[in-house]
file structure_5.txt (compact mmCIF, C-alpha atoms and all ligand atoms)
# COMPACT_ATOMS: atom_id res chain seq x y z
CA MET A 1 81.48 133.12 98.04
CA THR A 2 79.07 130.49 96.88
CA ALA A 3 79.51 128.45 93.74
CA GLY A 4 78.81 130.26 90.54
CA GLN A 5 79.12 133.78 91.89
CA PRO A 6 81.60 135.86 90.00
CA GLY A 7 84.77 135.97 92.04
CA PRO A 8 87.40 138.62 92.10
CA ARG A 9 89.27 139.27 88.86
CA ARG A 10 91.26 136.13 88.10
CA GLY A 11 93.52 137.04 85.21
CA PRO A 12 94.30 139.45 82.41
CA ALA A 13 91.56 140.55 80.03
CA TRP A 14 93.20 138.91 77.00
CA TYR A 15 93.06 135.53 78.71
CA GLY A 16 89.35 135.93 79.42
CA ALA A 17 88.84 136.82 75.76
CA LEU A 18 90.86 133.77 74.65
CA CYS A 19 88.75 131.49 76.86
CA ARG A 20 85.56 132.90 75.40
CA VAL A 21 86.74 132.10 71.87
CA CYS A 22 88.36 128.77 72.77
CA PRO A 23 87.31 127.42 76.20
CA LEU A 24 89.96 125.83 78.40
CA TRP A 25 88.81 122.26 77.72
CA GLN A 26 89.21 122.84 73.99
CA GLN A 27 92.68 124.29 74.54
CA ILE A 28 93.62 121.22 76.59
CA PHE A 29 92.10 118.89 74.01
CA VAL A 30 94.05 120.47 71.16
CA ALA A 31 97.20 120.33 73.31
CA LEU A 32 96.58 116.63 73.91
CA LEU A 33 96.32 115.88 70.19
CA LEU A 34 99.32 118.03 69.33
CA GLY A 35 101.30 116.40 72.15
CA ALA A 36 100.49 112.91 70.86
CA LEU A 37 101.53 113.93 67.36
CA THR A 38 104.74 115.54 68.55
CA GLY A 39 105.60 112.48 70.64
CA ALA A 40 104.95 110.14 67.70
CA LEU A 41 107.21 112.25 65.48
CA LEU A 42 110.02 112.79 67.98
CA GLY A 43 110.01 109.32 69.54
CA GLU A 44 112.44 108.97 72.46
CA ARG A 45 113.64 112.52 71.85
CA ALA A 46 110.29 113.79 73.16
CA SER A 47 111.63 113.02 76.65
CA GLY A 48 113.38 116.39 76.35
CA LEU A 49 109.94 117.88 77.10
CA ALA A 50 109.72 116.03 80.42
CA PRO A 51 110.84 119.03 82.55
CA VAL A 52 107.91 121.06 81.20
CA GLY A 53 105.45 118.36 82.22
CA ASP A 54 107.15 117.97 85.61
CA LEU A 55 106.95 121.72 86.18
CA PHE A 56 103.21 121.62 85.57
CA ILE A 57 102.75 118.65 87.90
CA ASN A 58 104.79 120.36 90.61
CA ALA A 59 102.70 123.51 90.21
CA ILE A 60 99.51 121.51 90.77
CA LYS A 61 100.98 119.60 93.69
CA MET A 62 101.99 122.90 95.27
CA LEU A 63 98.28 123.76 95.53
CA ILE A 64 96.96 120.57 97.08
CA VAL A 65 97.69 120.87 100.82
CA PRO A 66 96.84 124.56 101.38
CA LEU A 67 93.84 124.34 99.04
CA VAL A 68 92.31 121.24 100.63
CA PHE A 69 93.00 122.41 104.17
CA SER A 70 91.68 125.95 103.82
CA THR A 71 88.63 125.14 101.69
CA LEU A 72 87.62 122.33 104.03
CA VAL A 73 87.93 124.52 107.15
CA VAL A 74 85.96 127.31 105.44
CA GLY A 75 83.41 124.86 104.08
CA ILE A 76 82.66 123.34 107.47
CA THR A 77 82.70 126.56 109.47
CA GLY A 78 80.25 127.98 106.94
CA MET A 79 78.02 124.91 107.02
CA GLY A 80 75.75 126.09 109.81
CA ASP A 81 75.12 122.51 110.90
CA PRO A 82 78.43 120.77 111.58
CA GLN A 83 76.51 117.59 112.46
CA ALA A 84 75.59 117.29 108.79
CA MET A 85 79.23 116.33 108.34
CA GLY A 86 78.67 112.90 109.92
CA ARG A 87 75.79 112.15 107.58
CA ILE A 88 77.69 113.38 104.53
CA GLY A 89 80.74 111.34 105.56
CA LEU A 90 78.79 108.09 105.84
CA LYS A 91 76.96 108.68 102.60
CA THR A 92 80.19 109.48 100.78
CA VAL A 93 82.05 106.37 101.93
CA ALA A 94 79.04 104.09 101.27
CA ILE A 95 78.59 105.35 97.70
CA TYR A 96 82.32 105.16 97.03
CA LEU A 97 82.46 101.51 98.15
CA LEU A 98 79.41 100.60 96.11
CA THR A 99 80.66 102.14 92.87
CA THR A 100 84.09 100.56 93.36
CA ALA A 101 82.70 97.05 93.86
CA PHE A 102 80.54 97.56 90.78
CA ALA A 103 83.53 98.79 88.77
CA ILE A 104 85.60 95.72 89.53
CA ALA A 105 82.69 93.46 88.60
CA LEU A 106 82.42 95.34 85.31
CA GLY A 107 86.13 94.78 84.69
CA LEU A 108 85.76 91.06 85.42
CA ALA A 109 82.73 90.74 83.16
CA ALA A 110 84.35 92.63 80.27
CA ALA A 111 87.51 90.52 80.36
CA THR A 112 85.60 87.26 80.81
CA LEU A 113 83.35 87.96 77.83
CA LEU A 114 85.94 89.47 75.49
CA GLN A 115 88.82 87.16 76.46
CA PRO A 116 91.80 89.45 75.84
CA GLY A 117 94.26 86.81 77.10
CA VAL A 118 93.04 83.89 74.98
CA GLY A 119 95.37 83.07 72.10
CA VAL A 120 98.07 85.46 73.32
CA THR A 121 101.48 83.95 73.85
CA LEU A 122 103.73 85.99 76.08
CA SER A 123 106.61 84.80 78.15
CA LEU A 124 106.04 85.78 81.74
CA GLY A 125 109.66 85.12 82.55
CA GLU A 126 111.02 84.27 85.96
CA GLY A 127 110.66 86.31 89.07
CA SER A 128 107.89 87.13 91.40
CA GLY A 129 107.00 90.72 90.60
CA PRO A 130 107.64 93.65 92.89
CA ASP A 131 107.74 93.16 96.62
CA VAL A 132 104.62 94.84 97.96
CA GLY A 133 105.04 93.94 101.58
CA ASP A 134 102.04 93.23 103.79
CA ALA A 135 98.81 95.11 103.22
CA PRO A 136 98.14 97.40 106.19
CA LYS A 137 95.67 96.11 108.80
CA LEU A 138 92.31 97.83 109.33
CA ALA A 139 93.17 98.87 112.91
CA GLU A 140 96.42 100.46 111.71
CA ILE A 141 94.52 102.38 109.03
CA LEU A 142 92.00 103.71 111.57
CA VAL A 143 94.64 104.71 114.12
CA GLY A 144 96.63 106.37 111.35
CA LEU A 145 93.69 108.62 110.46
CA VAL A 146 94.36 110.88 113.44
CA PRO A 147 97.61 112.79 113.03
CA SER A 148 99.79 112.88 116.14
CA ASN A 149 101.36 115.98 114.64
CA PRO A 150 99.08 117.97 112.30
CA LEU A 151 101.96 120.04 110.98
CA ALA A 152 103.78 116.86 110.00
CA ALA A 153 100.57 115.68 108.26
CA LEU A 154 100.47 118.95 106.31
CA ALA A 155 104.16 118.71 105.48
CA ASP A 156 103.83 115.10 104.33
CA GLY A 157 100.68 115.83 102.34
CA ASN A 158 98.81 113.02 104.15
CA ILE A 159 95.35 113.87 102.81
CA LEU A 160 93.25 111.71 105.14
CA GLN A 161 95.02 113.06 108.24
CA ILE A 162 94.66 116.60 106.88
CA ILE A 163 90.92 116.03 106.39
CA VAL A 164 90.52 114.75 109.96
CA PHE A 165 92.43 117.69 111.43
CA ALA A 166 90.61 120.25 109.24
CA ILE A 167 87.21 118.89 110.33
CA ALA A 168 88.19 118.92 114.02
CA LEU A 169 89.64 122.42 113.79
CA ALA A 170 86.65 123.76 111.86
CA ILE A 171 84.17 122.39 114.39
CA ALA A 172 86.22 123.87 117.25
CA LEU A 173 86.43 127.23 115.48
CA SER A 174 82.65 127.26 114.95
CA LEU A 175 82.10 126.60 118.65
CA SER A 176 84.61 129.16 119.89
CA GLY A 177 82.57 132.31 119.30
CA LYS A 178 84.00 135.77 118.71
CA ALA A 179 87.60 134.96 119.60
CA ALA A 180 87.84 132.52 116.68
CA GLU A 181 86.28 134.78 114.06
CA PRO A 182 89.56 136.39 112.89
CA VAL A 183 91.02 132.90 112.36
CA ILE A 184 88.04 131.89 110.25
CA ARG A 185 88.50 135.05 108.20
CA VAL A 186 92.17 134.19 107.65
CA PHE A 187 91.14 130.79 106.31
CA GLU A 188 88.50 132.42 104.10
CA GLY A 189 91.13 134.70 102.61
CA LEU A 190 93.58 131.83 102.17
CA ALA A 191 90.94 129.63 100.50
CA GLU A 192 90.01 132.41 98.10
CA ALA A 193 93.66 133.04 97.23
CA MET A 194 94.29 129.31 96.69
CA ILE A 195 91.32 129.15 94.31
CA THR A 196 92.70 132.12 92.40
CA LEU A 197 96.07 130.37 92.25
CA THR A 198 94.37 127.21 90.99
CA GLY A 199 92.94 129.30 88.16
CA PHE A 200 96.46 130.46 87.25
CA VAL A 201 97.81 126.91 87.21
CA MET A 202 94.81 125.68 85.20
CA ALA A 203 95.61 128.28 82.59
CA LEU A 204 98.94 126.49 82.14
CA ALA A 205 97.25 123.11 81.69
CA PRO A 206 97.41 123.12 77.85
CA ILE A 207 101.21 123.53 77.96
CA GLY A 208 101.61 120.93 80.72
CA VAL A 209 99.30 118.44 79.02
CA PHE A 210 101.10 118.90 75.70
CA ALA A 211 104.45 118.02 77.29
CA LEU A 212 103.12 115.12 79.38
CA ILE A 213 101.41 113.45 76.42
CA ALA A 214 104.34 114.06 74.05
CA VAL A 215 106.68 112.24 76.46
CA VAL A 216 104.32 109.26 76.83
CA ALA A 217 103.60 109.05 73.09
CA GLY A 218 107.33 109.22 72.38
CA GLN A 219 108.03 106.35 74.76
CA TYR A 220 105.35 103.94 73.64
CA GLY A 221 105.67 102.94 70.02
CA LEU A 222 103.02 100.80 68.35
CA ALA A 223 105.41 97.84 68.31
CA MET A 224 105.39 97.86 72.10
CA LEU A 225 101.62 98.16 72.46
CA TRP A 226 100.53 95.79 69.71
CA PRO A 227 100.94 92.40 71.46
CA LEU A 228 98.80 93.68 74.30
CA ALA A 229 96.41 95.70 72.13
CA LYS A 230 93.50 93.45 73.03
CA VAL A 231 93.80 93.94 76.76
CA ILE A 232 94.28 97.70 76.26
CA ALA A 233 91.09 97.75 74.16
CA VAL A 234 89.09 95.78 76.75
CA MET A 235 90.31 98.07 79.53
CA GLY A 236 89.43 101.13 77.42
CA LEU A 237 85.97 99.76 76.65
CA ALA A 238 85.24 98.97 80.32
CA CYS A 239 86.38 102.48 81.31
CA LEU A 240 84.11 104.05 78.68
CA LEU A 241 81.18 101.93 79.87
CA GLN A 242 81.78 102.98 83.46
CA VAL A 243 81.72 106.68 82.57
CA PHE A 244 79.16 106.79 79.78
CA VAL A 245 76.77 104.10 80.97
CA VAL A 246 77.19 103.66 84.75
CA TYR A 247 77.97 107.22 85.84
CA SER A 248 75.84 108.86 83.21
CA GLY A 249 73.01 106.40 83.96
CA LEU A 250 73.19 107.19 87.68
CA MET A 251 73.17 110.88 86.83
CA ALA A 252 70.08 110.57 84.68
CA LEU A 253 68.08 107.95 86.58
CA VAL A 254 69.01 108.46 90.24
CA MET A 255 69.99 112.12 90.37
CA ARG A 256 67.70 113.27 87.56
CA LEU A 257 70.49 115.43 86.17
CA ASN A 258 71.62 115.81 82.57
CA PRO A 259 74.66 113.51 82.15
CA LEU A 260 76.01 115.61 79.30
CA ARG A 261 76.26 118.57 81.67
CA TYR A 262 78.14 116.41 84.14
CA LEU A 263 80.59 115.27 81.46
CA ARG A 264 80.95 118.77 80.08
CA GLY A 265 81.51 120.30 83.52
CA SER A 266 84.07 117.64 84.45
CA LEU A 267 86.06 117.76 81.24
CA ASP A 268 88.91 120.08 82.33
CA ALA A 269 89.67 117.81 85.28
CA LEU A 270 89.28 114.60 83.23
CA LEU A 271 91.75 115.75 80.59
CA VAL A 272 94.32 116.69 83.25
CA ALA A 273 93.73 113.35 85.02
CA PHE A 274 94.21 111.46 81.77
CA SER A 275 97.47 113.18 80.89
CA SER A 276 98.97 113.30 84.39
CA ALA A 277 97.83 109.81 85.53
CA SER A 278 97.42 111.19 89.05
CA SER A 279 94.05 111.70 90.69
CA SER A 280 95.63 113.35 93.74
CA GLY A 281 97.50 115.69 91.44
CA THR A 282 94.23 116.51 89.67
CA LEU A 283 92.52 117.45 92.95
CA PRO A 284 92.78 121.24 92.50
CA MET A 285 91.23 120.92 89.03
CA SER A 286 88.48 118.62 90.33
CA LEU A 287 87.65 121.08 93.12
CA ALA A 288 87.48 123.94 90.63
CA CYS A 289 85.24 121.95 88.26
CA ALA A 290 82.93 120.78 91.06
CA GLU A 291 82.39 124.25 92.41
CA LYS A 292 82.49 126.44 89.35
CA GLN A 293 80.97 124.16 86.75
CA LEU A 294 78.90 121.53 88.51
CA GLY A 295 77.44 123.77 91.22
CA VAL A 296 78.59 121.68 94.19
CA PRO A 297 78.97 123.85 97.31
CA ARG A 298 82.50 124.24 98.59
CA SER A 299 81.59 122.66 101.95
CA ILE A 300 80.72 119.38 100.21
CA ALA A 301 83.30 119.37 97.38
CA ALA A 302 86.12 120.18 99.80
CA PHE A 303 85.31 117.02 101.74
CA VAL A 304 84.05 114.51 99.18
CA LEU A 305 86.73 115.09 96.52
CA PRO A 306 89.88 114.78 98.68
CA VAL A 307 88.40 111.64 100.30
CA GLY A 308 87.65 110.33 96.80
CA ALA A 309 91.12 111.11 95.50
CA THR A 310 92.46 109.02 98.38
CA ILE A 311 90.07 106.07 98.61
CA ASN A 312 87.83 105.99 95.53
CA MET A 313 89.52 104.44 92.53
CA ASP A 314 86.92 102.95 90.23
CA GLY A 315 89.24 102.97 87.23
CA THR A 316 91.88 101.16 89.27
CA ALA A 317 89.24 98.64 90.36
CA ILE A 318 88.24 97.97 86.73
CA TYR A 319 91.92 97.48 85.95
CA GLN A 320 92.36 94.93 88.76
CA GLY A 321 89.41 92.96 87.39
CA VAL A 322 90.46 93.09 83.74
CA ILE A 323 94.10 92.23 84.39
CA ALA A 324 93.36 89.42 86.84
CA VAL A 325 91.14 87.69 84.25
CA PHE A 326 93.64 88.47 81.48
CA VAL A 327 96.48 86.85 83.42
CA ALA A 328 94.31 83.82 84.23
CA GLN A 329 93.53 83.41 80.50
CA LEU A 330 97.20 83.90 79.64
CA VAL A 331 98.33 81.06 81.88
CA GLY A 332 95.26 78.90 81.18
CA VAL A 333 93.74 78.97 84.68
CA ASP A 334 89.96 78.71 85.02
CA LEU A 335 88.70 81.09 87.67
CA SER A 336 85.91 79.81 89.91
CA TRP A 337 83.04 81.91 91.28
CA ALA A 338 84.90 81.96 94.59
CA ASP A 339 87.92 83.41 92.80
CA TYR A 340 85.74 86.11 91.26
CA GLY A 341 84.34 86.94 94.72
CA LEU A 342 87.85 87.12 96.12
CA ILE A 343 88.97 89.40 93.31
CA VAL A 344 86.03 91.76 93.97
CA LEU A 345 86.87 91.85 97.66
CA THR A 346 90.65 92.24 97.42
CA GLY A 347 90.37 94.48 94.37
CA THR A 348 88.04 96.84 96.23
CA LEU A 349 90.37 96.95 99.24
CA ALA A 350 93.45 97.27 97.04
CA SER A 351 91.92 100.15 95.11
CA ILE A 352 91.12 101.93 98.41
CA GLY A 353 94.74 101.49 99.42
CA THR A 354 96.03 102.74 96.07
CA ALA A 355 97.62 106.17 96.26
CA GLY A 356 96.41 108.66 93.64
CA VAL A 357 99.80 108.80 91.94
CA PRO A 358 101.06 107.36 88.65
CA GLY A 359 101.70 103.63 88.68
CA ALA A 360 100.30 102.97 92.17
CA GLY A 361 97.66 100.57 90.82
CA LEU A 362 100.34 98.35 89.30
CA ILE A 363 101.88 97.77 92.71
CA MET A 364 98.49 96.93 94.21
CA LEU A 365 97.83 94.50 91.36
CA SER A 366 100.29 92.09 92.95
CA ILE A 367 98.04 91.81 96.02
CA VAL A 368 95.04 90.81 93.90
CA LEU A 369 97.01 88.33 91.78
CA ALA A 370 98.57 86.78 94.88
CA GLN A 371 95.16 86.30 96.51
CA VAL A 372 93.92 84.09 93.68
CA GLY A 373 97.25 82.37 93.15
CA LEU A 374 98.06 83.92 89.77
CA PRO A 375 101.74 84.41 88.82
CA LEU A 376 103.12 87.72 90.04
CA ALA A 377 105.59 87.74 87.17
CA ALA A 378 102.65 88.95 85.05
CA VAL A 379 103.08 92.32 86.73
CA GLY A 380 106.32 92.71 84.77
CA VAL A 381 104.50 92.21 81.45
CA ILE A 382 101.80 94.71 82.37
CA ALA A 383 104.43 97.20 83.55
CA GLY A 384 105.52 97.66 79.94
CA ILE A 385 102.17 99.17 78.98
CA ASP A 386 101.02 100.39 82.36
CA ARG A 387 101.20 104.11 81.66
CA ILE A 388 98.58 103.80 78.93
CA LEU A 389 96.26 101.83 81.22
CA ASP A 390 97.03 104.27 84.04
CA MET A 391 95.84 107.23 81.99
CA ALA A 392 92.51 105.54 81.33
CA ARG A 393 91.98 104.39 84.91
CA THR A 394 92.92 107.76 86.39
CA GLY A 395 90.37 109.48 84.13
CA VAL A 396 87.70 107.12 85.48
CA ASN A 397 88.92 107.60 89.07
CA VAL A 398 88.38 111.34 88.79
CA ALA A 399 85.10 111.01 86.86
CA GLY A 400 83.83 108.77 89.69
CA ASP A 401 84.86 111.26 92.38
CA LEU A 402 83.04 114.06 90.57
CA MET A 403 79.92 111.95 90.00
CA VAL A 404 79.71 111.01 93.69
CA THR A 405 80.31 114.64 94.69
CA CYS A 406 77.29 115.71 92.59
CA TRP A 407 75.29 112.83 94.07
CA VAL A 408 76.05 113.79 97.67
CA ALA A 409 75.34 117.47 96.95
CA LYS A 410 72.06 116.61 95.23
CA SER A 411 70.97 114.35 98.07
CA GLU A 412 71.69 117.18 100.53
CA ARG A 413 69.59 119.50 98.31
CA ALA A 414 72.68 121.66 98.02
CA LEU A 415 73.47 121.41 94.30
CA ASP A 416 73.23 124.76 92.53
CA ARG A 417 71.12 123.81 89.52
CA ASP A 418 71.76 127.09 87.73
CA VAL A 419 75.49 126.46 87.70
CA PHE A 420 75.11 122.74 86.87
CA ASP A 421 72.73 123.36 84.00
CA ALA A 422 74.97 126.03 82.55
CA ALA A 423 78.12 123.83 82.95
CA ARG A 424 80.24 126.81 82.06
CA THR A 425 83.88 126.67 81.19
CA ALA A 426 86.24 128.03 83.82
CA GLU A 427 88.00 131.16 82.74
N1 LIG B 1 97.29 106.59 88.83
C1 LIG B 1 96.06 106.30 89.50
C2 LIG B 1 95.49 107.56 90.11
O1 LIG B 1 96.19 108.45 90.44
C3 LIG B 1 96.21 105.25 90.54
C4 LIG B 1 96.59 103.96 89.88
O2 LIG B 1 97.74 103.78 89.54
O3 LIG B 1 95.69 103.12 89.69
O4 LIG B 1 94.32 107.66 90.28
call {"tool": "encode", "arguments": {"input": "structure_5.txt", "output": "structure tokens"}}
result
Amino acid sequence: MTAGQPGPRRGPAWYGALCRVCPLWQQIFVALLLGALTGALLGERASGLAPVGDLFINAIKMLIVPLVFSTLVVGITGMGDPQAMGRIGLKTVAIYLLTTAFAIALGLAAATLLQPGVGVTLSLGEGSGPDVGDAPKLAEILVGLVPSNPLAALADGNILQIIVFAIALAIALSLSGKAAEPVIRVFEGLAEAMITLTGFVMALAPIGVFALIAVVAGQYGLAMLWPLAKVIAVMGLACLLQVFVVYSGLMALVMRLNPLRYLRGSLDALLVAFSSASSSGTLPMSLACAEKQLGVPRSIAAFVLPVGATINMDGTAIYQGVIAVFVAQLVGVDLSWADYGLIVLTGTLASIGTAGVPGAGLIMLSIVLAQVGLPLAAVGVIAGIDRILDMARTGVNVAGDLMVTCWVAKSERALDRDVFDAARTAE
């Protein structure tokens, strides 16, 4: 089935009717506001809702491995020209690196101009921050891309290894003629079923988002956020600029697509990313949005998005830039141009190495701070407000993945304009 075609029946009639009156993104949005209100009213007691949020997250995580594996195999076997994969792969990684380096520069510029750390007095305390160990070496990363045991890769949910195995298997299946056809059909059936299942889990998103936000809002009182309000505001501003100016600008000027349609079509995934603070966890939603609402063919979305959820973290890169400058201002260190260059380099690498799970960026922050000789104890101060920053950066991470996915599809002349221009709401 290509993007935009009506699929098999995906749910009861009443749910379809509900979504026509109040589209899913509006349901999630209302849930988000109600969750914040509930959390503010209940305070710490809102943590009683945590199991509901965890249930939702587990339900999404349950989808990731079979969904990514089957849709990627089906996408590539249906591609006609498996060699296109090499070209798409290079393009994807190049654009991801470029947008990440830009994002970190934006974070540095925002914090340098707006000076969130100037005039703030905070005790950094003793200690050296969390022990992050040594960053993995490039050769180790490359060797680790090929799974010695593909079943172990599937069981561990190692997305990059799963992508490599799925591509290899799909190419072999395409070249194996009649004997392999039943296997391809099994994957087609599995992919279709996983997409149906994603629809079911998405229908639960308003409940999950409500619980997730209520717990966070209950935990973080204003008293806790206030001393660091300036850095939160600068981070928020830089994230908004990245999405509304950089991504939307690229959409309009380079891709010649309506940025409002891109934002509208991405909204379901962005709201889930924001409330779950996990871009890997949002992957099923991102895949559904890309295919059903942005008109990206499955063969491209199934490759570009899982790679993005693993290596492309523009929001995390902005965060590294903002916090590094903030900490420098806090301790009164003047950063040189060389320091800025080093932060862009290590921040880009650190964001690639950041897992798409809550709080991962905080751990990687230590690497960036250590590179420019800033005190690692600052990580402890940031940890207190990290969830709020994490929600913002994860939203940007997912928005970036979806923007690049549209870009790659457009450059391959594969974007379904009818679906993109309609930017429907998933039912
Ligand atoms: N939570 C982020 C994500 O999943 C990663 C981070 O902590 O920066 O995209």
call {"tool": "closest_residue", "arguments": {"input": "structure_5.txt", "among": "A:Ile300, A:Leu415, A:Leu270, A:Ala191", "to": "ligand LIG 1 (chain B)", "atoms": "only C-alpha atoms and all ligand atoms"}}
result
A:Leu270
call {"tool": "axis_aligned_box", "arguments": {"input": "structure_5.txt", "around": "ligand LIG 1 (chain B)", "padding_each_side": "5 Å", "output": "JSON"}}
result
{"center_x": 96.0, "center_y": 105.8, "center_z": 89.7, "size_x": 13.4, "size_y": 15.3, "size_z": 11.7}
call {"tool": "residues_near_ligand", "arguments": {"input": "structure_5.txt", "ligand": "ligand LIG 1 (chain B)", "cutoff": "6 Å", "atoms": "all atoms listed in the file", "output": "PyMOL selection string"}}
result
chain A and resi 277-280+316+355-361+390+394+397
call {"tool": "atom_distance", "arguments": {"input": "structure_5.txt", "atom1": "atom CA of A:Arg256", "atom2": "atom CA of A:Gly295"}}
result
14.8 Å
call {"tool": "residues_around", "arguments": {"input": "structure_5.txt", "residues": "stretch 317-328 of chain A", "least_positions_apart": "3", "cutoff": "9 Å", "atoms": "all atoms listed in the file", "output": "PyMOL selection string"}}
result
chain A and resi 100-112+115-118+231+234-235+238-239+242+313-314+331-335+340+343-344+347-348+350-352+361-362+364-365+368-369+372+374-375+378+382+389-390+393
call {"tool": "atom_distance", "arguments": {"input": "structure_5.txt", "atom1": "atom CA of A:Ala229", "atom2": "atom CA of A:Tyr247"}}
result
25.7 Å
call {"tool": "decode", "arguments": {"input": "structure_5.txt", "residues": "stretch 196-202 of chain A", "atoms": "all heavy atoms", "output": "compact mmCIF listing (two decimals), in the first residue's frame"}}
result
# COMPACT_ATOMS: atom_id res chain seq x y z
N THR A 196 -1.25 -1.12 11.65
CA THR A 196 -2.58 -1.12 12.28
C THR A 196 -2.44 -1.01 13.80
O THR A 196 -3.13 -0.23 14.46
CB THR A 196 -3.34 -2.42 11.92
OG1 THR A 196 -3.39 -2.53 10.51
CG2 THR A 196 -4.74 -2.41 12.48
N LEU A 197 -1.49 -1.78 14.33
CA LEU A 197 -1.26 -1.76 15.79
C LEU A 197 -0.80 -0.37 16.25
O LEU A 197 -1.19 0.12 17.32
CB LEU A 197 -0.21 -2.82 16.12
CG LEU A 197 -0.15 -3.34 17.55
CD1 LEU A 197 -1.51 -3.83 18.01
CD2 LEU A 197 0.87 -4.49 17.65
N THR A 198 0.02 0.28 15.41
CA THR A 198 0.48 1.63 15.74
C THR A 198 -0.73 2.57 15.85
O THR A 198 -0.80 3.42 16.76
CB THR A 198 1.45 2.17 14.66
OG1 THR A 198 2.54 1.27 14.56
CG2 THR A 198 1.97 3.55 15.01
N GLY A 199 -1.69 2.38 14.95
CA GLY A 199 -2.91 3.18 15.00
C GLY A 199 -3.65 2.99 16.32
O GLY A 199 -4.13 3.94 16.93
N PHE A 200 -3.68 1.73 16.79
CA PHE A 200 -4.37 1.46 18.07
C PHE A 200 -3.65 2.19 19.21
O PHE A 200 -4.27 2.81 20.06
CB PHE A 200 -4.37 -0.04 18.40
CG PHE A 200 -5.18 -0.88 17.46
CD1 PHE A 200 -5.01 -2.26 17.41
CD2 PHE A 200 -6.13 -0.31 16.62
CE1 PHE A 200 -5.76 -3.04 16.54
CE2 PHE A 200 -6.88 -1.08 15.75
CZ PHE A 200 -6.69 -2.44 15.71
N VAL A 201 -2.32 2.08 19.21
CA VAL A 201 -1.56 2.70 20.32
C VAL A 201 -1.67 4.23 20.24
O VAL A 201 -1.80 4.90 21.26
CB VAL A 201 -0.09 2.24 20.30
CG1 VAL A 201 0.72 2.98 21.36
CG2 VAL A 201 0.00 0.74 20.53
N MET A 202 -1.68 4.76 19.01
CA MET A 202 -1.82 6.22 18.87
C MET A 202 -3.15 6.70 19.42
O MET A 202 -3.25 7.80 19.96
CB MET A 202 -1.69 6.63 17.41
CG MET A 202 -0.25 6.86 17.02
SD MET A 202 -0.11 7.30 15.30
CE MET A 202 -0.17 9.07 15.38
